[in-house]
Structures are given as C-alpha cells and as structure tokens.
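Dropping work_5.cif in here (mmCIF, C-alpha atoms and all ligand atoms):
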data_structure
loop_
_atom_site.group_PDB
_atom_site.id
_atom_site.type_symbol
_atom_site.label_atom_id
_atom_site.label_comp_id
_atom_site.auth_asym_id
_atom_site.auth_seq_id
_atom_site.Cartn_x
_atom_site.Cartn_y
_atom_site.Cartn_z
ATOM 1 C CA MET A 2 -73.045 64.893 -64.871
ATOM 2 C CA ILE A 3 -74.351 61.669 -66.303
ATOM 3 C CA LEU A 4 -76.452 59.580 -63.946
ATOM 4 C CA ASP A 5 -76.660 55.840 -64.362
ATOM 5 C CA LEU A 6 -80.377 55.179 -63.882
ATOM 6 C CA GLU A 7 -79.752 51.464 -63.764
ATOM 7 C CA LYS A 8 -77.713 51.976 -60.583
ATOM 8 C CA LEU A 9 -79.961 54.547 -58.816
ATOM 9 C CA GLU A 10 -82.570 53.495 -56.232
ATOM 10 C CA ALA A 11 -86.208 53.497 -57.357
ATOM 11 C CA ASN A 12 -87.207 56.650 -55.409
ATOM 12 C CA LYS A 13 -84.247 58.590 -56.838
ATOM 13 C CA CYS A 14 -85.106 57.479 -60.372
ATOM 14 C CA TYR A 15 -88.692 58.630 -59.768
ATOM 15 C CA SER A 16 -87.517 61.999 -58.471
ATOM 16 C CA ILE A 17 -85.116 62.519 -61.382
ATOM 17 C CA MET A 18 -87.664 61.531 -64.013
ATOM 18 C CA SER A 19 -90.662 63.363 -62.565
ATOM 19 C CA ASN A 20 -88.650 66.593 -62.234
ATOM 20 C CA SER A 21 -87.218 66.463 -65.740
ATOM 21 C CA ILE A 22 -89.783 64.728 -67.972
ATOM 22 C CA PHE A 23 -92.468 67.344 -67.626
ATOM 23 C CA PRO A 24 -95.029 68.747 -67.505
ATOM 24 C CA ARG A 25 -96.979 65.507 -67.526
ATOM 25 C CA PRO A 26 -100.715 65.490 -68.105
ATOM 26 C CA ILE A 27 -102.867 64.161 -65.303
ATOM 27 C CA ALA A 28 -105.295 61.343 -65.955
ATOM 28 C CA TRP A 29 -107.853 61.729 -63.184
ATOM 29 C CA ILE A 30 -109.354 58.284 -63.504
ATOM 30 C CA VAL A 31 -112.832 57.348 -62.337
ATOM 31 C CA THR A 32 -113.724 53.652 -62.109
ATOM 32 C CA GLU A 33 -116.795 51.949 -60.734
ATOM 33 C CA ASN A 34 -117.009 48.456 -59.318
ATOM 34 C CA SER A 35 -119.832 46.827 -57.324
ATOM 35 C CA GLY A 36 -121.447 50.231 -56.787
ATOM 36 C CA VAL A 37 -118.268 51.882 -55.416
ATOM 37 C CA ILE A 38 -116.967 54.881 -57.379
ATOM 38 C CA ASN A 39 -113.194 55.265 -57.194
ATOM 39 C CA VAL A 40 -111.152 58.245 -58.338
ATOM 40 C CA ALA A 41 -107.378 58.757 -58.379
ATOM 41 C CA PRO A 42 -104.826 60.837 -60.329
ATOM 42 C CA PHE A 43 -102.053 59.373 -62.499
ATOM 43 C CA SER A 44 -99.311 61.315 -64.260
ATOM 44 C CA TYR A 45 -97.385 58.454 -65.821
ATOM 45 C CA PHE A 46 -99.943 58.912 -68.584
ATOM 46 C CA ALA A 47 -99.554 59.577 -72.294
ATOM 47 C CA PRO A 48 -101.464 59.401 -75.583
ATOM 48 C CA LEU A 49 -99.875 56.783 -77.870
ATOM 49 C CA THR A 50 -101.857 56.770 -81.114
ATOM 50 C CA SER A 51 -104.747 58.889 -82.420
ATOM 51 C CA LYS A 52 -106.380 56.396 -84.803
ATOM 52 C CA PRO A 53 -107.123 54.110 -83.123
ATOM 53 C CA ALA A 54 -107.116 56.438 -80.146
ATOM 54 C CA VAL A 55 -105.019 54.701 -77.499
ATOM 55 C CA ALA A 56 -103.371 55.989 -74.313
ATOM 56 C CA VAL A 57 -101.113 54.394 -71.714
ATOM 57 C CA VAL A 58 -101.159 54.816 -67.947
ATOM 58 C CA SER A 59 -98.739 53.138 -65.543
ATOM 59 C CA ILE A 60 -100.289 52.086 -62.267
ATOM 60 C CA GLY A 61 -98.407 50.766 -59.263
ATOM 61 C CA LYS A 62 -99.227 48.784 -56.158
ATOM 62 C CA LYS A 63 -100.447 49.807 -52.699
ATOM 63 C CA GLU A 64 -98.010 49.540 -49.790
ATOM 64 C CA SER A 65 -99.690 46.236 -48.943
ATOM 65 C CA GLY A 66 -98.532 44.886 -52.322
ATOM 66 C CA GLU A 67 -102.076 44.666 -53.758
ATOM 67 C CA PRO A 68 -102.759 46.479 -57.041
ATOM 68 C CA LYS A 69 -104.112 50.026 -56.612
ATOM 69 C CA ASP A 70 -107.923 50.115 -56.750
ATOM 70 C CA THR A 71 -107.945 51.870 -60.137
ATOM 71 C CA LEU A 72 -105.884 49.067 -61.685
ATOM 72 C CA ALA A 73 -107.923 46.319 -60.018
ATOM 73 C CA ASN A 74 -111.167 47.962 -61.202
ATOM 74 C CA ILE A 75 -109.994 48.450 -64.788
ATOM 75 C CA LEU A 76 -108.803 44.842 -65.018
ATOM 76 C CA ASP A 77 -112.127 43.707 -63.571
ATOM 77 C CA THR A 78 -114.657 45.965 -65.341
ATOM 78 C CA LYS A 79 -112.531 46.862 -68.431
ATOM 79 C CA LYS A 80 -113.801 50.463 -68.209
ATOM 80 C CA ALA A 81 -112.493 53.836 -67.080
ATOM 81 C CA THR A 82 -113.438 57.495 -67.401
ATOM 82 C CA ILE A 83 -110.305 59.612 -67.759
ATOM 83 C CA CYS A 84 -111.006 63.174 -66.642
ATOM 84 C CA ILE A 85 -108.621 65.947 -67.687
ATOM 85 C CA PRO A 86 -108.597 68.310 -64.707
ATOM 86 C CA ASN A 87 -107.962 72.052 -64.553
ATOM 87 C CA SER A 88 -106.405 74.224 -61.863
ATOM 88 C CA SER A 89 -109.678 74.511 -59.925
ATOM 89 C CA HIS A 90 -109.349 70.801 -59.107
ATOM 90 C CA ALA A 91 -105.872 70.844 -57.497
ATOM 91 C CA ASP A 92 -107.144 70.281 -53.964
ATOM 92 C CA PHE A 93 -109.500 67.441 -54.909
ATOM 93 C CA ILE A 94 -106.760 65.819 -57.020
ATOM 94 C CA SER A 95 -104.436 65.687 -54.016
ATOM 95 C CA LYS A 96 -107.170 64.383 -51.740
ATOM 96 C CA SER A 97 -108.169 61.708 -54.228
ATOM 97 C CA ALA A 98 -104.577 60.379 -54.185
ATOM 98 C CA THR A 99 -105.186 59.115 -50.636
ATOM 99 C CA SER A 100 -105.043 55.348 -50.492
ATOM 100 C CA LEU A 101 -108.392 54.044 -49.222
ATOM 101 C CA SER A 102 -109.631 50.483 -48.946
ATOM 102 C CA LYS A 103 -111.187 49.072 -52.116
ATOM 103 C CA ASP A 104 -114.747 49.307 -50.780
ATOM 104 C CA SER A 105 -114.378 53.010 -49.813
ATOM 105 C CA SER A 106 -115.080 55.757 -52.319
ATOM 106 C CA GLU A 107 -112.909 58.894 -52.579
ATOM 107 C CA ILE A 108 -116.011 60.606 -53.999
ATOM 108 C CA GLU A 109 -117.868 60.049 -50.727
ATOM 109 C CA GLU A 110 -114.875 60.445 -48.416
ATOM 110 C CA PHE A 111 -113.932 63.879 -49.828
ATOM 111 C CA ASN A 112 -117.319 65.041 -51.202
ATOM 112 C CA ILE A 113 -116.052 65.210 -54.761
ATOM 113 C CA PRO A 114 -119.041 66.054 -56.985
ATOM 114 C CA THR A 115 -119.627 63.859 -60.036
ATOM 115 C CA LYS A 116 -121.985 63.963 -63.004
ATOM 116 C CA ARG A 117 -123.060 61.041 -65.207
ATOM 117 C CA VAL A 118 -122.861 62.150 -68.846
ATOM 118 C CA ASN A 119 -122.434 58.692 -70.419
ATOM 119 C CA PRO A 120 -124.663 55.962 -68.987
ATOM 120 C CA ASP A 121 -122.237 53.221 -70.088
ATOM 121 C CA PHE A 122 -119.228 54.569 -68.178
ATOM 122 C CA PRO A 123 -118.284 55.820 -64.726
ATOM 123 C CA PRO A 124 -119.295 59.456 -64.084
ATOM 124 C CA ILE A 125 -117.096 62.475 -64.768
ATOM 125 C CA ILE A 126 -115.975 64.817 -62.023
ATOM 126 C CA GLU A 127 -118.015 67.995 -62.085
ATOM 127 C CA GLY A 128 -116.256 70.956 -63.658
ATOM 128 C CA VAL A 129 -113.754 69.035 -65.792
ATOM 129 C CA HIS A 130 -113.662 70.394 -69.327
ATOM 130 C CA ALA A 131 -112.811 67.079 -70.989
ATOM 131 C CA ALA A 132 -113.136 63.394 -70.150
ATOM 132 C CA TYR A 133 -112.373 60.299 -72.213
ATOM 133 C CA PHE A 134 -114.447 57.131 -71.986
ATOM 134 C CA ALA A 135 -112.030 54.249 -72.267
ATOM 135 C CA THR A 136 -111.886 50.470 -72.340
ATOM 136 C CA PHE A 137 -109.024 48.180 -71.373
ATOM 137 C CA ARG A 138 -106.951 47.120 -74.365
ATOM 138 C CA ASP A 139 -103.807 45.423 -73.071
ATOM 139 C CA SER A 140 -101.077 45.577 -70.471
ATOM 140 C CA TYR A 141 -97.342 45.123 -70.677
ATOM 141 C CA GLU A 142 -95.329 43.908 -67.738
ATOM 142 C CA ILE A 143 -91.940 45.554 -67.302
ATOM 143 C CA GLU A 144 -89.650 42.996 -65.725
ATOM 144 C CA GLY A 145 -88.554 44.148 -62.259
ATOM 145 C CA SER A 146 -91.172 46.914 -61.977
ATOM 146 C CA PRO A 147 -94.147 46.840 -59.578
ATOM 147 C CA THR A 148 -95.857 49.325 -61.918
ATOM 148 C CA LEU A 149 -98.002 47.988 -64.751
ATOM 149 C CA PRO A 150 -98.458 50.044 -67.932
ATOM 150 C CA ILE A 151 -101.953 49.517 -69.272
ATOM 151 C CA PHE A 152 -103.205 50.505 -72.691
ATOM 152 C CA LEU A 153 -106.663 52.024 -72.958
ATOM 153 C CA ASN A 154 -108.873 52.450 -76.031
ATOM 154 C CA LEU A 155 -110.287 55.973 -75.994
ATOM 155 C CA LEU A 156 -113.766 55.379 -77.411
ATOM 156 C CA SER A 157 -115.408 58.771 -76.979
ATOM 157 C CA VAL A 158 -114.752 62.091 -75.328
ATOM 158 C CA TYR A 159 -116.903 64.570 -73.433
ATOM 159 C CA PHE A 160 -116.176 68.296 -73.835
ATOM 160 C CA ASP A 161 -117.731 71.163 -71.975
ATOM 161 C CA ASP A 162 -119.373 73.221 -74.748
ATOM 162 C CA LEU A 163 -117.496 76.281 -73.448
ATOM 163 C CA ILE A 164 -114.107 75.034 -74.631
ATOM 164 C CA ILE A 165 -114.886 73.552 -78.077
ATOM 165 C CA ASN A 166 -116.299 75.288 -81.159
ATOM 166 C CA GLU A 167 -118.281 73.992 -84.146
ATOM 167 C CA ASN A 168 -115.020 73.266 -86.035
ATOM 168 C CA LEU A 169 -113.946 71.040 -83.111
ATOM 169 C CA LYS A 170 -111.243 73.500 -82.132
ATOM 170 C CA VAL A 171 -110.506 72.924 -78.463
ATOM 171 C CA ASP A 172 -109.240 75.692 -76.189
ATOM 172 C CA MET A 173 -108.354 74.329 -72.762
ATOM 173 C CA LYS A 174 -105.982 75.606 -70.100
ATOM 174 C CA ALA A 175 -103.471 72.924 -69.305
ATOM 175 C CA LEU A 176 -102.736 71.599 -65.839
ATOM 176 C CA GLY A 177 -99.596 69.517 -65.499
ATOM 177 C CA ARG A 178 -97.470 67.751 -62.973
ATOM 178 C CA VAL A 179 -93.823 68.678 -62.332
ATOM 179 C CA GLY A 180 -92.183 66.724 -59.514
ATOM 180 C CA ALA A 181 -94.460 67.140 -56.500
ATOM 181 C CA PHE A 182 -96.114 70.305 -57.888
ATOM 182 C CA PHE A 183 -98.896 71.177 -60.282
ATOM 183 C CA ILE A 184 -98.322 73.805 -62.914
ATOM 184 C CA THR A 185 -100.922 75.619 -64.927
ATOM 185 C CA GLU A 186 -100.490 77.290 -68.241
ATOM 186 C CA GLY A 187 -98.762 80.641 -68.332
ATOM 187 C CA GLU A 188 -97.406 82.256 -71.449
ATOM 188 C CA ARG A 189 -97.952 80.551 -74.810
ATOM 189 C CA ILE A 190 -94.852 80.620 -77.031
ATOM 190 C CA LYS A 191 -95.360 80.556 -80.794
ATOM 191 C CA ALA A 192 -94.258 77.237 -82.316
HETATM 192 C C1 LIG B 1 -100.645 64.167 -59.391
HETATM 193 C C2 LIG B 1 -100.444 62.743 -59.007
HETATM 194 C C3 LIG B 1 -100.010 61.831 -59.963
HETATM 195 C C4 LIG B 1 -99.868 60.471 -59.651
HETATM 196 N N1 LIG B 1 -99.448 59.612 -60.622
HETATM 197 C C5 LIG B 1 -99.387 58.275 -60.377
HETATM 198 C C6 LIG B 1 -99.023 57.360 -61.414
HETATM 199 O O1 LIG B 1 -98.771 57.737 -62.563
HETATM 200 N N2 LIG B 1 -98.996 56.030 -61.110
HETATM 201 C C7 LIG B 1 -99.329 55.557 -59.856
HETATM 202 O O2 LIG B 1 -99.323 54.333 -59.639
HETATM 203 N N3 LIG B 1 -99.685 56.404 -58.848
HETATM 204 C C8 LIG B 1 -99.730 57.755 -59.086
HETATM 205 N N4 LIG B 1 -100.114 58.617 -58.097
HETATM 206 C C9 LIG B 1 -100.518 58.062 -56.791
HETATM 207 C C10 LIG B 1 -101.982 57.551 -56.824
HETATM 208 O O3 LIG B 1 -102.880 58.594 -57.182
HETATM 209 C C11 LIG B 1 -102.353 57.002 -55.421
HETATM 210 O O4 LIG B 1 -101.553 55.876 -55.144
HETATM 211 C C12 LIG B 1 -103.826 56.662 -55.244
HETATM 212 O O5 LIG B 1 -104.075 56.385 -53.882
HETATM 213 C C13 LIG B 1 -104.267 55.454 -56.035
HETATM 214 O O6 LIG B 1 -105.633 55.280 -55.741
HETATM 215 P P1 LIG B 1 -106.455 53.954 -55.977
HETATM 216 O O7 LIG B 1 -105.887 52.857 -55.063
HETATM 217 O O8 LIG B 1 -107.830 54.358 -55.601
HETATM 218 O O9 LIG B 1 -106.303 53.590 -57.421
HETATM 219 C C14 LIG B 1 -100.189 59.991 -58.343
HETATM 220 C C15 LIG B 1 -100.599 60.922 -57.366
HETATM 221 C C16 LIG B 1 -100.706 62.284 -57.690
HETATM 222 C C17 LIG B 1 -101.159 63.257 -56.638
#
Please, can you express the file's structure as structure tokens?
Amino acid sequence: MILDLEKLEANKCYSIMSNSIFPRPIAWIVTENSGVINVAPFSYFAPLTSKPAVAVVSIGKKESGEPKDTLANILDTKKATICIPNSSHADFISKSATSLSKDSSEIEEFNIPTKRVNPDFPPIIEGVHAAYFATFRDSYEIEGSPTLPIFLNLLSVYFDDLIINENLKVDMKALGRVGAFFITEGERIKA
C-alpha cells in the first residue's frame, strides 16, 4: 500500500507519522514568563547539528487558535530549558500536556517538583537526568501548517552526576514516544 500523504486529512497524517517515525525523543520544555513557570512535552523534536548545537521543535496552536504557551513564551523570552525525561516521569508528562490558560502553571496545578540549577534559565524538573539550556535561534513557517518549527541553540547541558563519567560518557535510559504510547529502553542491539 502506498498512501498519498498530500491527500490524507491532518489527523490521519499525524497518526501515520507518529506510529511509524519512532521512537521520538521527548523535549519536556520548561519556560518562564512574568513569574509563571510553564511545562509541556513535545515529540516533534530532533537534534539538527552538534556544532553549533542546534535542535528543532515543532509547536502547534491551542484549540482557540492562539499559539501554545510554550511557543508564546519562547518567542517572548527567547529562552527554554529542555528536560530529557525518563520512565519515572510518564505520569507527569501526560498531566503537563493539559492545555491551561497562559497565566496558570502546570508546575503548580499538578505539583510537579522543579529545581533551579542554572540561574539564567527556567528550572529543570526534579529527577531528570539531562536538561539543555536553550535560546531561540529562528523559526520556519511551513505553508499550510498551524505548527511552527522553531530552532533552538543548545548553549549548555545539565547532567545528573550519576549518568556521566569523567570522560563525558553518558549512560541514560531512553524514553520515547510511539503513537499515543511511551516506550522505554529494552534490549540493546549491537550496532
Ligand atoms: C508525549 C507528548 C508529545 C507531544 N508532542 C507535541 C508536539 O511535538 N507539538 C505540539 O504542538 N504538541 C505536542 N504535544 C501536545 C502538547 O504537550 C500540549 O498541547 C500542551 O498542552 C502544550 O502546552 P502549552 O500550551 O503549555 O505549551 C504533545 C503531548 C504529549 C503528551
């Protein structure tokens, strides 16, 4: 079967792509604007280049048509903390995907614990093993799409000392998104 993506409805295209381009990493993005801390997960997320370190995340609109709070905050403050979650965070990730008004904080609404490890950026979520501190670089409108890919400069990265050694070798257990599910790492297959 060959499916013509140009002819399929948007929700079908999403279902096809999110169940076959996988597993996708989850950018659990914390932003802060006018004292309100916002957190939400995004899986249309990918690293693009390592030097300079740049990643892309595609963020859509709320049902009301306004940009999602994460997008509005990044465009406004130019800053984001991208947490890389692990399986212990699955419940909080799902809760933080609830659409709240811009002046409400998912952190407060769902009691998600945070920790400030970099005074110049929004806090990390407690228990994440890695988090990137990023600034807005650019965006690229895709004609016809309500979703805006934004490019982020990854300036520095926090690691929990437990998962990195003195040679900077990182050993983290992956958590990914497949369709509507999360998957965590099982067997490693030799490359
Ligand atoms: C695992 C997961 C991945 C998601 N990925 C995306 C994504 O890539 N782009 C997007 O616009 N929304 C995505 N969402 C939905 C947003 O998290 C959701 O709309 C959230 O309410 C946005 O919050 P905000 O308005 O505080 O930014 C995802 C949700 C989940 C649970």
Give the residues close to ligand LIG 1 (chain B), within 6 Å, counting all atoms listed in the file; write them as a list in words. Asn39, Val40, Ala41, Pro42, Phe43, Ser44, Tyr45, Ser59, Ile60, Gly61, Lys69, Asp70, Thr71, Ser95, Ala98, Thr99, Ser100 and Arg178 of chain A
Tell me, in Å to one decimal, how far atom CA of A:Asp104 is from atom CA of A:Asp121.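 Separation between atom CA of A:Asp104 and atom CA of A:Asp121: 21.1 Å.
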Residue with the minimum atom-to-atom distance to A:Gly180, picked from A:Ile164, A:Ile17, A:Ala131, A:Leu156 with all atoms listed in the file counted, is A:Ile17
Taking (-110.0, 48.6, -69.7) as a centre in this file's frame and 12 Å as the limit, can you find every polymer residue with an atom that close, using only C-alpha atoms, and give them as a ChimeraX atom specification? /A:30-33,55-58,71-83,122,134-140,150-156
In terms of the shortest atom-to-atom distance over all atoms listed in the file, which of A:Pro86, A:Asp161, A:Pro53, A:Trp29 is closest to A:Ile184?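 Closest candidate: A:Pro86.
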Tell me, in Å to one decimal, how far atom CA of A:Cys14 is from atom CA of A:Glu186.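 Distance between the two atoms: 26.3 Å.
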If you measure from atom CA of A:Glu64 to atom CA of A:Ala47, what distance in Å do you get, rounded to one decimal?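 Calculated distance between atom CA of A:Glu64 and atom CA of A:Ala47 is 24.7 Å.
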Which of these residues is nearest to A:Pro26, using all atoms listed in the file: A:Leu101, A:Ala175, A:Ala192, A:Leu49?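 Among the listed residues, A:Ala175 lies closest to A:Pro26.
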Just checking: using all atoms listed in the file, which residue out of A:Tyr133, A:Asp92, A:Phe183, A:Lys174 ends up closest to A:Ala28?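 Smallest distance to A:Ala28 is found for A:Tyr133.
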Around all listed atoms of stretch 143-161 of chain A, padded 5 Å per side, what centre and edge lengths does the axis-aligned box have in Å to one decimal, as AutoDock Vina command-line options?
--center_x -103.1 --center_y 57.1 --center_z -68.5 --size_x 39.2 --size_y 38.2 --size_z 27.8
Pick from A:Leu6, A:Leu176, A:Cys84, A:Ala11, whichever lies nearest to A:Pro124 using only C-alpha atoms: A:Cys84
Nearby residues (all atoms listed in the file) at most 9 Å from A:Ser105, same-chain spacing under 3 positions excluded, as a PyMOL selection string: chain A and resi 37-39+101-102+108-110
Please evaluate the PyMOL selection byres (((chain A and resi 128) around 12) and not hetatm) against the displayed coordinates and give the resulting residues as a VMD selection string. chain A and resid 84 to 90 93 113 to 116 124 to 127 129 to 132 159 to 164
Give me a file of those residues, with C-alpha atoms, as an mmCIF file, in the frame of the given file.
data_model
loop_
_atom_site.group_PDB
_atom_site.id
_atom_site.type_symbol
_atom_site.label_atom_id
_atom_site.label_comp_id
_atom_site.auth_asym_id
_atom_site.auth_seq_id
_atom_site.Cartn_x
_atom_site.Cartn_y
_atom_site.Cartn_z
ATOM 1 C CA CYS A 84 -111.006 63.174 -66.642
ATOM 2 C CA ILE A 85 -108.621 65.947 -67.687
ATOM 3 C CA PRO A 86 -108.597 68.310 -64.707
ATOM 4 C CA ASN A 87 -107.962 72.052 -64.553
ATOM 5 C CA SER A 88 -106.405 74.224 -61.863
ATOM 6 C CA SER A 89 -109.678 74.511 -59.925
ATOM 7 C CA HIS A 90 -109.349 70.801 -59.107
ATOM 8 C CA PHE A 93 -109.500 67.441 -54.909
ATOM 9 C CA ILE A 113 -116.052 65.210 -54.761
ATOM 10 C CA PRO A 114 -119.041 66.054 -56.985
ATOM 11 C CA THR A 115 -119.627 63.859 -60.036
ATOM 12 C CA LYS A 116 -121.985 63.963 -63.004
ATOM 13 C CA PRO A 124 -119.295 59.456 -64.084
ATOM 14 C CA ILE A 125 -117.096 62.475 -64.768
ATOM 15 C CA ILE A 126 -115.975 64.817 -62.023
ATOM 16 C CA GLU A 127 -118.015 67.995 -62.085
ATOM 17 C CA VAL A 129 -113.754 69.035 -65.792
ATOM 18 C CA HIS A 130 -113.662 70.394 -69.327
ATOM 19 C CA ALA A 131 -112.811 67.079 -70.989
ATOM 20 C CA ALA A 132 -113.136 63.394 -70.150
ATOM 21 C CA TYR A 159 -116.903 64.570 -73.433
ATOM 22 C CA PHE A 160 -116.176 68.296 -73.835
ATOM 23 C CA ASP A 161 -117.731 71.163 -71.975
ATOM 24 C CA ASP A 162 -119.373 73.221 -74.748
ATOM 25 C CA LEU A 163 -117.496 76.281 -73.448
ATOM 26 C CA ILE A 164 -114.107 75.034 -74.631
#
Counting all atoms listed in the file, the residue of A:Leu9, A:Ile27, A:Thr148, A:Asn112 that sits nearest A:Glu67: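 That would be A:Thr148, the residue with the smallest distance to A:Glu67.
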